[in-house]
>>> print(open('final-v6.cif').read())   # mmCIF, C-alpha atoms and all ligand atoms
data_work
#
loop_
_atom_site.label_atom_id
_atom_site.label_comp_id
_atom_site.auth_asym_id
_atom_site.auth_seq_id
_atom_site.Cartn_x
_atom_site.Cartn_y
_atom_site.Cartn_z
CA MET A 748 -21.24 -44.08 1.75
CA SER A 749 -24.93 -43.43 2.17
CA LYS A 750 -26.98 -45.63 4.43
CA ILE A 751 -28.85 -48.64 3.08
CA ILE A 752 -32.27 -49.00 4.67
CA PHE A 753 -34.53 -52.01 4.15
CA PRO A 754 -38.36 -51.94 3.96
CA GLU A 755 -40.03 -51.39 7.30
CA ASP A 756 -41.52 -54.87 7.65
CA PHE A 757 -38.37 -56.68 6.45
CA ILE A 758 -37.80 -59.88 8.44
CA TRP A 759 -34.23 -60.42 9.66
CA GLY A 760 -33.53 -63.87 10.99
CA ALA A 761 -31.14 -66.75 11.35
CA ALA A 762 -31.58 -70.40 10.39
CA THR A 763 -30.65 -73.85 11.63
CA SER A 764 -31.88 -77.41 11.09
CA ALA A 765 -32.82 -80.19 13.48
CA TYR A 766 -30.11 -82.77 12.79
CA GLN A 767 -27.41 -80.12 12.64
CA ILE A 768 -28.05 -78.66 16.11
CA GLU A 769 -30.44 -80.65 18.28
CA GLY A 770 -28.42 -83.67 19.40
CA ALA A 771 -30.46 -85.92 21.74
CA ALA A 772 -30.44 -88.28 18.79
CA PHE A 773 -31.69 -91.26 20.76
CA GLU A 774 -33.56 -89.56 23.58
CA ASP A 775 -37.17 -89.24 24.68
CA GLY A 776 -38.41 -91.79 22.17
CA LYS A 777 -36.91 -90.27 19.01
CA GLY A 778 -36.58 -92.76 16.16
CA GLU A 779 -33.49 -93.30 14.03
CA SER A 780 -33.14 -91.05 10.98
CA ILE A 781 -31.19 -91.71 7.81
CA TRP A 782 -28.61 -89.21 9.08
CA ASP A 783 -28.17 -91.13 12.34
CA ARG A 784 -27.55 -94.25 10.28
CA PHE A 785 -25.30 -92.56 7.71
CA SER A 786 -23.18 -90.65 10.22
CA HIS A 787 -22.59 -93.86 12.16
CA THR A 788 -21.42 -95.66 9.03
CA PRO A 789 -17.60 -95.62 9.02
CA GLY A 790 -15.97 -93.47 6.36
CA LYS A 791 -18.96 -91.30 5.50
CA ILE A 792 -18.33 -88.19 7.61
CA LYS A 793 -15.08 -86.29 8.14
CA ASN A 794 -13.41 -87.38 11.40
CA GLU A 795 -16.29 -89.84 11.91
CA HIS A 796 -18.32 -87.01 13.46
CA ASN A 797 -22.06 -87.42 14.02
CA GLY A 798 -25.07 -85.47 15.27
CA ASP A 799 -25.59 -87.45 18.50
CA ILE A 800 -24.93 -84.36 20.62
CA ALA A 801 -24.35 -81.60 18.02
CA CYS A 802 -25.04 -78.25 19.79
CA ASP A 803 -27.31 -80.01 22.28
CA HIS A 804 -30.01 -77.52 21.37
CA TYR A 805 -32.63 -80.06 22.47
CA HIS A 806 -31.53 -79.37 26.05
CA LEU A 807 -30.16 -75.85 25.62
CA TYR A 808 -32.98 -74.36 23.53
CA ALA A 809 -33.98 -71.87 26.23
CA GLU A 810 -30.43 -70.51 26.35
CA ASP A 811 -30.46 -70.31 22.55
CA VAL A 812 -33.75 -68.40 22.43
CA LYS A 813 -32.35 -66.00 25.03
CA LEU A 814 -29.36 -65.43 22.77
CA MET A 815 -31.65 -64.80 19.78
CA LYS A 816 -33.53 -62.25 21.83
CA GLU A 817 -30.30 -60.52 22.87
CA LEU A 818 -29.25 -60.34 19.25
CA GLY A 819 -32.63 -58.89 18.33
CA LEU A 820 -33.56 -61.53 15.74
CA LYS A 821 -37.02 -60.91 14.37
CA SER A 822 -37.45 -64.49 13.24
CA TYR A 823 -35.89 -67.93 13.71
CA ARG A 824 -35.98 -70.58 11.01
CA PHE A 825 -35.62 -74.15 12.31
CA SER A 826 -36.66 -77.58 11.14
CA ILE A 827 -38.77 -80.26 12.74
CA SER A 828 -37.33 -83.73 13.04
CA TRP A 829 -39.84 -86.16 11.59
CA PRO A 830 -38.54 -89.22 13.54
CA ARG A 831 -38.70 -87.27 16.79
CA ILE A 832 -42.47 -87.09 16.32
CA PHE A 833 -43.13 -90.31 14.40
CA PRO A 834 -40.20 -92.58 15.28
CA ASP A 835 -41.17 -95.07 12.56
CA GLY A 836 -42.25 -92.40 10.07
CA ASP A 837 -45.92 -93.15 10.60
CA GLY A 838 -48.25 -94.84 13.06
CA LYS A 839 -46.99 -94.51 16.59
CA LEU A 840 -46.79 -90.90 17.79
CA ASN A 841 -44.05 -89.75 20.17
CA VAL A 842 -45.76 -87.08 22.25
CA LYS A 843 -42.50 -86.01 23.89
CA GLY A 844 -41.04 -85.10 20.50
CA MET A 845 -44.00 -82.87 19.71
CA GLU A 846 -43.76 -81.29 23.16
CA PHE A 847 -40.21 -80.17 22.44
CA TYR A 848 -41.32 -78.13 19.42
CA LYS A 849 -44.31 -76.72 21.29
CA LYS A 850 -42.02 -75.49 24.05
CA LEU A 851 -39.63 -74.01 21.50
CA VAL A 852 -42.37 -72.26 19.52
CA ASN A 853 -44.06 -70.87 22.64
CA LEU A 854 -40.78 -69.54 23.96
CA LEU A 855 -40.04 -67.87 20.63
CA LEU A 856 -43.45 -66.23 20.66
CA GLU A 857 -43.03 -65.06 24.25
CA ASN A 858 -39.86 -63.36 23.07
CA ASP A 859 -41.49 -61.80 19.99
CA ILE A 860 -39.43 -63.95 17.65
CA ILE A 861 -41.42 -65.19 14.66
CA PRO A 862 -41.14 -68.98 14.30
CA ASN A 863 -40.45 -70.18 10.74
CA ALA A 864 -40.63 -73.97 10.56
CA THR A 865 -39.33 -76.33 7.87
CA LEU A 866 -40.87 -79.80 7.83
CA TYR A 867 -38.11 -81.68 6.04
CA HIS A 868 -34.44 -80.86 6.29
CA TRP A 869 -33.16 -84.28 5.21
CA ASP A 870 -33.65 -86.42 8.34
CA LEU A 871 -36.03 -89.05 6.97
CA PRO A 872 -37.06 -91.76 9.47
CA GLN A 873 -34.80 -94.76 8.79
CA LYS A 874 -37.85 -97.05 8.96
CA LEU A 875 -39.18 -95.34 5.82
CA GLN A 876 -35.78 -95.64 4.14
CA ASP A 877 -36.04 -99.39 4.79
CA LYS A 878 -39.13 -99.30 2.56
CA GLY A 879 -37.29 -97.44 -0.22
CA GLY A 880 -37.17 -93.92 1.19
CA TRP A 881 -37.88 -91.29 -1.45
CA THR A 882 -37.74 -93.85 -4.25
CA ASN A 883 -41.06 -95.06 -2.86
CA ARG A 884 -44.01 -92.90 -3.92
CA GLU A 885 -45.78 -93.75 -0.66
CA THR A 886 -43.20 -91.78 1.29
CA ALA A 887 -44.93 -88.65 -0.04
CA ASP A 888 -48.18 -89.80 1.61
CA ARG A 889 -46.41 -90.50 4.87
CA PHE A 890 -44.92 -87.00 4.71
CA ALA A 891 -48.35 -85.47 4.16
CA ASP A 892 -49.63 -87.34 7.24
CA PHE A 893 -46.71 -86.09 9.31
CA ALA A 894 -47.17 -82.53 7.99
CA GLY A 895 -50.93 -82.62 8.64
CA TYR A 896 -50.36 -83.70 12.23
CA VAL A 897 -47.78 -80.96 12.85
CA PHE A 898 -50.08 -78.34 11.25
CA LYS A 899 -52.85 -79.36 13.64
CA GLU A 900 -50.54 -79.03 16.62
CA LEU A 901 -48.64 -75.89 15.65
CA GLY A 902 -50.47 -74.38 12.70
CA ASP A 903 -52.09 -71.60 14.73
CA LEU A 904 -48.80 -70.58 16.29
CA VAL A 905 -46.33 -70.72 13.42
CA PRO A 906 -46.95 -68.14 10.68
CA PHE A 907 -44.30 -69.40 8.21
CA TRP A 908 -43.95 -72.95 6.97
CA ALA A 909 -41.64 -74.53 4.44
CA THR A 910 -42.37 -78.03 3.26
CA LEU A 911 -38.91 -79.12 2.08
CA ASN A 912 -35.43 -77.72 2.40
CA GLU A 913 -33.24 -78.11 -0.70
CA PRO A 914 -34.87 -81.19 -2.22
CA ALA A 915 -32.16 -81.06 -4.90
CA ALA A 916 -29.51 -81.87 -2.32
CA ALA A 917 -31.68 -84.63 -0.86
CA ALA A 918 -32.13 -86.21 -4.30
CA PHE A 919 -28.74 -85.68 -5.95
CA ALA A 920 -26.30 -85.71 -3.01
CA GLY A 921 -28.28 -88.45 -1.27
CA TYR A 922 -29.22 -90.80 -4.11
CA ALA A 923 -26.76 -90.09 -6.96
CA ALA A 924 -23.49 -88.78 -5.50
CA GLY A 925 -23.94 -90.75 -2.28
CA VAL A 926 -22.20 -88.09 -0.18
CA HIS A 927 -25.31 -87.45 1.92
CA ALA A 928 -27.71 -89.89 3.56
CA PRO A 929 -28.92 -92.39 2.53
CA GLY A 930 -25.63 -92.61 0.59
CA LEU A 931 -26.80 -94.23 -2.64
CA ASN A 932 -24.84 -93.99 -5.90
CA ASN A 933 -27.74 -94.53 -8.21
CA PRO A 934 -28.29 -91.62 -10.65
CA GLU A 935 -30.91 -93.76 -12.37
CA VAL A 936 -33.40 -93.19 -9.53
CA CYS A 937 -32.74 -89.60 -8.62
CA LEU A 938 -35.34 -87.95 -10.84
CA ALA A 939 -37.95 -90.32 -9.41
CA VAL A 940 -36.74 -89.32 -5.95
CA ALA A 941 -37.08 -85.65 -6.96
CA HIS A 942 -40.61 -86.30 -8.22
CA ASN A 943 -41.65 -88.01 -4.99
CA LEU A 944 -40.20 -85.13 -2.98
CA LEU A 945 -42.22 -82.70 -5.10
CA LEU A 946 -45.34 -84.80 -4.56
CA ALA A 947 -44.68 -84.68 -0.82
CA HIS A 948 -44.43 -80.91 -1.07
CA GLY A 949 -47.71 -80.62 -3.00
CA LYS A 950 -49.58 -82.93 -0.64
CA ALA A 951 -48.36 -80.99 2.40
CA VAL A 952 -49.41 -77.65 0.88
CA LYS A 953 -52.82 -79.12 0.15
CA ALA A 954 -53.13 -80.41 3.72
CA TYR A 955 -52.22 -76.94 5.00
CA ARG A 956 -54.83 -75.25 2.83
CA GLN A 957 -57.50 -77.77 3.82
CA LEU A 958 -57.04 -76.83 7.45
CA GLY A 959 -57.76 -73.21 6.56
CA LEU A 960 -54.71 -71.95 8.42
CA LYS A 961 -53.82 -68.29 8.19
CA GLY A 962 -50.05 -68.42 7.83
CA LYS A 963 -47.87 -68.69 4.76
CA ILE A 964 -46.45 -71.83 3.22
CA GLY A 965 -43.72 -72.29 0.63
CA ILE A 966 -40.71 -74.36 -0.34
CA VAL A 967 -36.99 -73.73 0.17
CA LEU A 968 -34.78 -74.27 -2.87
CA ASP A 969 -31.03 -73.88 -3.32
CA MET A 970 -29.63 -72.42 -6.49
CA TRP A 971 -26.15 -71.87 -7.81
CA HIS A 972 -26.56 -69.51 -10.73
CA ASN A 973 -24.34 -70.42 -13.69
CA TYR A 974 -22.20 -67.93 -15.61
CA PRO A 975 -20.37 -68.76 -18.84
CA ALA A 976 -16.57 -68.93 -18.55
CA THR A 977 -16.14 -67.11 -21.89
CA ASP A 978 -18.29 -65.35 -24.47
CA SER A 979 -18.20 -68.38 -26.73
CA GLU A 980 -21.53 -69.68 -27.95
CA GLU A 981 -20.78 -73.10 -26.44
CA ASP A 982 -20.06 -71.74 -22.96
CA ILE A 983 -23.11 -69.48 -23.02
CA LYS A 984 -25.18 -72.50 -23.96
CA ALA A 985 -23.61 -74.57 -21.17
CA ALA A 986 -24.58 -71.94 -18.57
CA TRP A 987 -28.04 -71.65 -20.10
CA ILE A 988 -28.58 -75.40 -19.86
CA ASN A 989 -27.63 -75.55 -16.19
CA ASN A 990 -29.73 -72.50 -15.33
CA ASN A 991 -32.73 -73.82 -17.18
CA THR A 992 -32.64 -77.47 -16.22
CA ILE A 993 -30.87 -78.21 -12.92
CA ASN A 994 -31.78 -74.88 -11.33
CA LYS A 995 -35.40 -75.07 -12.35
CA TRP A 996 -35.97 -78.77 -11.74
CA PHE A 997 -37.95 -78.00 -8.60
CA SER A 998 -39.10 -74.41 -9.13
CA ASP A 999 -40.73 -74.90 -12.54
CA PRO A 1000 -42.94 -77.78 -11.35
CA VAL A 1001 -43.94 -75.81 -8.22
CA PHE A 1002 -44.60 -72.50 -9.96
CA LYS A 1003 -45.49 -73.58 -13.48
CA GLY A 1004 -46.66 -77.15 -13.10
CA LEU A 1005 -44.13 -78.56 -15.57
CA TYR A 1006 -40.63 -79.97 -15.69
CA PRO A 1007 -37.92 -78.18 -17.68
CA THR A 1008 -37.06 -79.80 -21.00
CA ILE A 1009 -33.63 -81.37 -21.07
CA PRO A 1010 -31.97 -80.62 -24.41
CA GLY A 1011 -30.51 -83.66 -26.17
CA GLU A 1012 -30.90 -87.23 -25.04
CA PRO A 1013 -33.03 -87.56 -21.88
CA GLY A 1014 -30.79 -90.35 -20.64
CA GLN A 1015 -27.53 -88.52 -21.26
CA PHE A 1016 -26.81 -87.95 -17.55
CA GLY A 1017 -27.51 -91.58 -16.69
CA MET A 1018 -30.86 -90.50 -15.23
CA SER A 1019 -34.32 -91.70 -16.13
CA LEU A 1020 -37.24 -89.29 -16.33
CA PRO A 1021 -39.79 -89.85 -13.57
CA GLU A 1022 -43.12 -91.52 -14.04
CA VAL A 1023 -45.61 -88.67 -13.88
CA GLN A 1024 -49.13 -89.84 -13.07
CA GLN A 1025 -52.27 -87.98 -13.93
CA GLY A 1026 -52.87 -85.13 -11.51
CA ASP A 1027 -49.29 -85.07 -10.21
CA MET A 1028 -48.31 -81.75 -11.74
CA GLU A 1029 -51.53 -80.06 -10.57
CA LEU A 1030 -50.82 -81.28 -7.07
CA ILE A 1031 -47.19 -80.17 -7.16
CA SER A 1032 -48.18 -76.72 -8.39
CA THR A 1033 -50.79 -76.13 -5.69
CA PRO A 1034 -50.24 -72.39 -5.15
CA VAL A 1035 -47.72 -71.43 -2.48
CA ASP A 1036 -47.20 -68.09 -0.75
CA PHE A 1037 -43.48 -67.67 -1.18
CA LEU A 1038 -40.23 -69.07 -2.47
CA GLY A 1039 -37.42 -69.60 0.03
CA LEU A 1040 -34.05 -69.24 -1.64
CA ASN A 1041 -30.80 -70.65 -0.26
CA VAL A 1042 -27.90 -68.98 -1.99
CA TYR A 1043 -24.21 -69.14 -1.23
CA SER A 1044 -22.20 -68.80 -4.42
CA ARG A 1045 -22.16 -69.33 -8.17
CA ASN A 1046 -20.79 -71.70 -10.82
CA VAL A 1047 -18.69 -70.59 -13.75
CA VAL A 1048 -19.05 -73.20 -16.48
CA LYS A 1049 -17.65 -74.11 -19.85
CA ALA A 1050 -18.60 -76.61 -22.50
CA ASN A 1051 -16.35 -79.68 -22.46
CA PRO A 1052 -17.35 -82.46 -24.86
CA ASP A 1053 -14.83 -84.80 -23.21
CA ILE A 1054 -16.72 -85.16 -19.94
CA PRO A 1055 -19.95 -87.12 -19.42
CA ASN A 1056 -22.54 -84.29 -19.27
CA GLY A 1057 -20.49 -81.91 -21.45
CA ILE A 1058 -20.48 -79.07 -18.89
CA GLU A 1059 -17.46 -78.37 -16.71
CA VAL A 1060 -17.37 -76.12 -13.64
CA VAL A 1061 -14.31 -73.89 -13.89
CA PRO A 1062 -12.60 -72.99 -10.57
CA GLN A 1063 -12.14 -69.25 -10.04
CA ASN A 1064 -9.15 -67.42 -8.64
CA GLY A 1065 -10.96 -65.03 -6.30
CA ALA A 1066 -11.67 -65.26 -2.59
CA VAL A 1067 -13.28 -68.46 -1.32
CA THR A 1068 -14.78 -69.38 2.05
CA ASP A 1069 -13.45 -72.23 4.18
CA ILE A 1070 -15.64 -74.72 2.34
CA GLY A 1071 -14.12 -73.65 -0.98
CA TRP A 1072 -17.10 -71.66 -2.29
CA GLU A 1073 -16.28 -68.51 -4.22
CA VAL A 1074 -17.39 -65.22 -2.66
CA TYR A 1075 -19.56 -63.68 -5.38
CA PRO A 1076 -22.22 -61.38 -3.87
CA GLN A 1077 -23.71 -60.35 -7.20
CA VAL A 1078 -25.25 -63.81 -7.49
CA ILE A 1079 -27.90 -62.63 -5.02
CA TYR A 1080 -29.02 -59.78 -7.27
CA ASP A 1081 -28.84 -61.87 -10.43
CA LEU A 1082 -30.86 -64.75 -9.00
CA LEU A 1083 -33.45 -62.60 -7.26
CA THR A 1084 -34.18 -60.50 -10.32
CA LEU A 1085 -34.33 -63.59 -12.51
CA LEU A 1086 -36.71 -65.47 -10.20
CA HIS A 1087 -38.88 -62.39 -9.78
CA LYS A 1088 -39.34 -62.22 -13.52
CA GLU A 1089 -39.67 -65.94 -14.07
CA TYR A 1090 -42.25 -66.54 -11.35
CA ASN A 1091 -44.50 -63.47 -11.58
CA GLY A 1092 -43.16 -61.41 -8.73
CA ILE A 1093 -43.65 -64.12 -6.09
CA ASP A 1094 -42.64 -63.13 -2.54
CA ILE A 1095 -39.12 -64.35 -1.89
CA TYR A 1096 -37.25 -64.91 1.35
CA ILE A 1097 -33.56 -65.61 1.43
CA THR A 1098 -33.86 -68.55 3.75
CA GLU A 1099 -30.10 -69.23 3.90
CA ASN A 1100 -26.99 -67.25 3.09
CA GLY A 1101 -23.74 -67.25 4.98
CA ALA A 1102 -20.15 -68.38 5.00
CA ALA A 1103 -17.82 -70.87 6.68
CA PHE A 1104 -14.58 -69.52 8.09
CA ARG A 1105 -11.98 -70.88 10.52
CA ASP A 1106 -13.11 -69.00 13.58
CA THR A 1107 -11.43 -69.19 16.96
CA VAL A 1108 -12.18 -67.53 20.28
CA ASN A 1109 -9.26 -65.22 21.18
CA SER A 1110 -7.77 -64.59 24.60
CA GLU A 1111 -10.26 -61.76 25.23
CA GLY A 1112 -13.12 -64.13 24.51
CA ARG A 1113 -13.93 -62.57 21.13
CA VAL A 1114 -14.32 -64.12 17.70
CA GLU A 1115 -12.97 -61.61 15.18
CA ASP A 1116 -14.73 -62.94 12.08
CA ASP A 1117 -14.41 -59.79 10.03
CA ASP A 1118 -14.36 -61.86 6.83
CA ARG A 1119 -17.91 -63.00 7.63
CA VAL A 1120 -19.04 -59.43 8.38
CA ASP A 1121 -17.63 -58.42 4.99
CA TYR A 1122 -19.35 -61.38 3.29
CA LEU A 1123 -22.72 -60.60 4.85
CA ARG A 1124 -22.50 -56.86 4.23
CA ARG A 1125 -21.75 -57.37 0.55
CA HIS A 1126 -24.56 -59.90 0.14
CA PHE A 1127 -27.06 -57.69 1.99
CA GLU A 1128 -26.12 -54.85 -0.39
CA GLN A 1129 -27.03 -57.00 -3.36
CA ALA A 1130 -30.31 -58.00 -1.73
CA HIS A 1131 -31.12 -54.34 -1.22
CA ARG A 1132 -30.25 -53.62 -4.84
CA ALA A 1133 -32.73 -56.30 -5.87
CA ILE A 1134 -35.47 -54.77 -3.70
CA GLU A 1135 -34.83 -51.43 -5.35
CA ALA A 1136 -35.18 -53.14 -8.71
CA GLY A 1137 -38.67 -54.24 -7.68
CA VAL A 1138 -38.08 -57.76 -6.32
CA ASN A 1139 -40.52 -58.74 -3.56
CA LEU A 1140 -37.83 -59.81 -1.14
CA LYS A 1141 -39.46 -59.98 2.28
CA GLY A 1142 -36.80 -61.34 4.58
CA TYR A 1143 -33.28 -62.66 5.02
CA TYR A 1144 -32.12 -65.54 7.21
CA VAL A 1145 -28.42 -65.86 7.88
CA TRP A 1146 -27.04 -69.37 7.83
CA SER A 1147 -26.44 -70.17 10.51
CA LEU A 1148 -27.42 -69.01 13.96
CA MET A 1149 -24.60 -71.14 15.37
CA ASP A 1150 -21.75 -73.41 14.30
CA ASN A 1151 -23.12 -76.89 13.78
CA PHE A 1152 -22.85 -80.30 12.13
CA GLU A 1153 -22.06 -79.51 8.50
CA TRP A 1154 -23.16 -82.89 7.07
CA ALA A 1155 -20.30 -84.77 5.37
CA GLU A 1156 -17.86 -82.15 6.72
CA GLY A 1157 -18.81 -82.93 10.32
CA TYR A 1158 -17.93 -80.10 12.71
CA THR A 1159 -14.98 -78.90 10.63
CA LYS A 1160 -16.82 -76.05 8.88
CA ARG A 1161 -18.11 -73.19 10.99
CA PHE A 1162 -21.02 -71.30 9.43
CA GLY A 1163 -22.39 -69.76 12.64
CA ILE A 1164 -22.61 -66.15 13.68
CA VAL A 1165 -22.40 -67.67 17.15
CA HIS A 1166 -19.35 -69.79 17.92
CA VAL A 1167 -19.92 -73.17 19.55
CA ASP A 1168 -17.18 -74.92 21.49
CA PHE A 1169 -18.08 -78.53 20.77
CA ASP A 1170 -16.32 -79.79 23.93
CA THR A 1171 -18.04 -77.50 26.41
CA LEU A 1172 -21.03 -76.44 24.23
CA THR A 1173 -20.32 -72.83 25.20
CA ARG A 1174 -21.90 -70.30 22.83
CA THR A 1175 -19.94 -67.11 22.01
CA PRO A 1176 -21.50 -64.53 19.67
CA LYS A 1177 -18.92 -63.70 17.00
CA ASN A 1178 -18.27 -60.13 15.79
CA SER A 1179 -20.62 -60.94 12.91
CA ALA A 1180 -23.47 -61.60 15.36
CA LEU A 1181 -22.83 -58.26 17.08
CA TRP A 1182 -22.68 -56.50 13.72
CA TYR A 1183 -25.84 -58.28 12.52
CA SER A 1184 -27.62 -57.26 15.69
CA GLU A 1185 -26.82 -53.63 14.85
CA VAL A 1186 -28.07 -54.11 11.26
CA ILE A 1187 -31.35 -55.47 12.60
CA ARG A 1188 -31.72 -52.62 15.07
CA GLU A 1189 -31.05 -50.03 12.36
CA ASN A 1190 -32.89 -52.04 9.67
CA GLY A 1191 -29.87 -51.34 7.51
CA PHE A 1192 -26.27 -50.26 7.69
O1 LIG A 1201 -25.57 -76.54 6.28
C1 LIG A 1201 -26.22 -76.48 5.05
C2 LIG A 1201 -27.72 -76.51 5.24
O2 LIG A 1201 -28.12 -77.62 5.95
C3 LIG A 1201 -28.39 -76.52 3.90
N1 LIG A 1201 -27.93 -75.47 3.05
C4 LIG A 1201 -26.49 -75.28 2.93
C5 LIG A 1201 -25.85 -75.23 4.29
C6 LIG A 1201 -24.33 -75.04 4.15
O3 LIG A 1201 -23.78 -76.10 3.44
#
>>> encode(input="final-v6.cif", output="structure tokens")
Amino acid sequence: MSKIIFPEDFIWGAATSAYQIEGAAFEDGKGESIWDRFSHTPGKIKNEHNGDIACDHYHLYAEDVKLMKELGLKSYRFSISWPRIFPDGDGKLNVKGMEFYKKLVNLLLENDIIPNATLYHWDLPQKLQDKGGWTNRETADRFADFAGYVFKELGDLVPFWATLNEPAAAAFAGYAAGVHAPGLNNPEVCLAVAHNLLLAHGKAVKAYRQLGLKGKIGIVLDMWHNYPATDSEEDIKAAWINNNTINKWFSDPVFKGLYPTIPGEPGQFGMSLPEVQQGDMELISTPVDFLGLNVYSRNVVKANPDIPNGIEVVPQNGAVTDIGWEVYPQVIYDLLTLLHKEYNGIDIYITENGAAFRDTVNSEGRVEDDDRVDYLRRHFEQAHRAIEAGVNLKGYYVWSLMDNFEWAEGYTKRFGIVHVDFDTLTRTPKNSALWYSEVIRENGF
């Protein structure tokens, strides 16, 4: 097979998030987050795991940057814990929290690793949740204050910023399904939550622009592209509805300044449309520099009038990862080409893609995760295909740099290319990390 080579300036990286790796949950003045509260609530997380220690990256960050350097990562995507910097969400500043990120960013730069920072990866300060969390429009203002402060401190050093990571998960898993923090089962509020998250995004982008900073800012969205189970008109319509409502609920407001239209009764999913005030959509659609796309798998759907929203996800028979997600690499090509067309050739970064498998360290000290190598290779191929088709794909971040706290699944799902022994905190690069390192060196495979 001929070699696949990526564009010269293609950015290869790996991603993590604060709550999933940092630990030090109650150290150096950090405030409580909604994930600290949720993970300490009995029955919410598998095996009652929590992020108190996680990978202890807060203390081991220098070792982790060294590892990134050894692997040859060009960039590292991480998130900044809001309550580490503003323990109550606003007001009192925790200088020590800010110092941690300054040390991390400086060390990355010393090692020629481009820092890529996300401002919100779900760990809202609990004190703001006590005032309604994202149901409260004022949370968006508090976020803009937090973002503005971080931009002033790190804006000259960090060239890539994302405002929010997967706001859909924050709104739907957190406020409707209740499987993520803050654990509410209230579909009624989740479109208002989504709107306030989008406002937070817009206000942060505006704050960034006002400071005249030279880097790039965008938003990170997750999408599961929907394919019809059969060629029937009903199934095709079902897939179309999901692709054009759920999948675009955040991207259309950001890139087009409008919400998708829900066919049928607006209240049919038990949700109420948000109150949109004058100027909101202009703010939300303040121009961004890129779209960050988190993509793992797809949905195959069929129309089913007997279930509440009329659209059923049909399980597939093919290979799945350890979290039960189908391996379907073509979703990368399909989504990238679609988004390219839909949003005028915007620059896109795959900000997360990867797979959970049951990895173990063998007696020779190796982790033979060939299934992950195969997964990544096949997904990279589809990304390359999309570039050849004209998509402005600029970079690819593997999820995740290391095994970590997988939210409601606790530590039971391993997404890392580096294995973490959660008893000793020992890091062991898996075969996939060694293979990825070679891909980066060759800029292809
Ligand atoms: O671990 C998560 C991450 O925090 C957000 N995107 C999906 C990953 C795998 O579930």
>>> residues_around(input="final-v6.cif", residues="Glu1153 of chain A", least_positions_apart="4", cutoff="12 Å", atoms="only C-alpha atoms", output="PyMOL selection string")
chain A and resi 763-768+782+786+792-793+796-798+801-802+927+1070+1102-1103+1146-1147+1149+1157-1163
>>> residues_around(input="final-v6.cif", residues="segment 1087-1098 of chain A", least_positions_apart="6", cutoff="9 Å", atoms="only C-alpha atoms", output="VMD selection string")
chain A and resid 758 760 to 762 824 967 to 968 998 to 999 1002 to 1003 1036 to 1042 1130 1137 to 1146
>>> write_last_selection(input="final-v6.cif", atoms="C-alpha atoms", output="short mmCIF file (atom, residue, chain, number, x, y, z; two decimals), in the frame of the given file")
data_model
loop_
_atom_site.label_atom_id
_atom_site.label_comp_id
_atom_site.auth_asym_id
_atom_site.auth_seq_id
_atom_site.Cartn_x
_atom_site.Cartn_y
_atom_site.Cartn_z
CA ILE A 758 -37.80 -59.88 8.44
CA GLY A 760 -33.53 -63.87 10.99
CA ALA A 761 -31.14 -66.75 11.35
CA ALA A 762 -31.58 -70.40 10.39
CA ARG A 824 -35.98 -70.58 11.01
CA VAL A 967 -36.99 -73.73 0.17
CA LEU A 968 -34.78 -74.27 -2.87
CA SER A 998 -39.10 -74.41 -9.13
CA ASP A 999 -40.73 -74.90 -12.54
CA PHE A 1002 -44.60 -72.50 -9.96
CA LYS A 1003 -45.49 -73.58 -13.48
CA ASP A 1036 -47.20 -68.09 -0.75
CA PHE A 1037 -43.48 -67.67 -1.18
CA LEU A 1038 -40.23 -69.07 -2.47
CA GLY A 1039 -37.42 -69.60 0.03
CA LEU A 1040 -34.05 -69.24 -1.64
CA ASN A 1041 -30.80 -70.65 -0.26
CA VAL A 1042 -27.90 -68.98 -1.99
CA ALA A 1130 -30.31 -58.00 -1.73
CA GLY A 1137 -38.67 -54.24 -7.68
CA VAL A 1138 -38.08 -57.76 -6.32
CA ASN A 1139 -40.52 -58.74 -3.56
CA LEU A 1140 -37.83 -59.81 -1.14
CA LYS A 1141 -39.46 -59.98 2.28
CA GLY A 1142 -36.80 -61.34 4.58
CA TYR A 1143 -33.28 -62.66 5.02
CA TYR A 1144 -32.12 -65.54 7.21
CA VAL A 1145 -28.42 -65.86 7.88
CA TRP A 1146 -27.04 -69.37 7.83
#
>>> closest_residue(input="final-v6.cif", among="A:Ser826, A:Ser1179, A:Asn991, A:Thr1008", to="ligand LIG 1201 (chain A)", atoms="all atoms listed in the file")
A:Ser826
>>> closest_residue(input="final-v6.cif", among="A:Glu1073, A:Asp859, A:Glu1156, A:Glu1128", to="ligand LIG 1201 (chain A)", atoms="only C-alpha atoms and all ligand atoms")
A:Glu1156
>>> atom_distance(input="final-v6.cif", atom1="atom CA of Pro1034 of chain A", atom2="atom CA of Gly1004 of chain A")
9.9 Å
>>> closest_residue(input="final-v6.cif", among="A:Phe825, A:Asn973, A:Tyr1006, A:Phe1127", to="Ile1187 of chain A", atoms="all atoms listed in the file")
A:Phe1127
>>> residues_around(input="final-v6.cif", residues="Lys777 of chain A", least_positions_apart="3", cutoff="8 Å", atoms="all atoms listed in the file", output="PDB file with C-alpha atoms, keeping the file's coordinate frame")
ATOM      1  CA  ALA A 772     -30.440 -88.280  18.790  1.00  0.00           C
ATOM      2  CA  PHE A 773     -31.690 -91.260  20.760  1.00  0.00           C
ATOM      3  CA  GLU A 774     -33.560 -89.560  23.580  1.00  0.00           C
ATOM      4  CA  PRO A 830     -38.540 -89.220  13.540  1.00  0.00           C
ATOM      5  CA  ARG A 831     -38.700 -87.270  16.790  1.00  0.00           C
ATOM      6  CA  ILE A 832     -42.470 -87.090  16.320  1.00  0.00           C
ATOM      7  CA  PHE A 833     -43.130 -90.310  14.400  1.00  0.00           C
ATOM      8  CA  PRO A 834     -40.200 -92.580  15.280  1.00  0.00           C
ATOM      9  CA  ASN A 841     -44.050 -89.750  20.170  1.00  0.00           C
ATOM     10  CA  GLY A 844     -41.040 -85.100  20.500  1.00  0.00           C
TER      11      GLY A 844
END
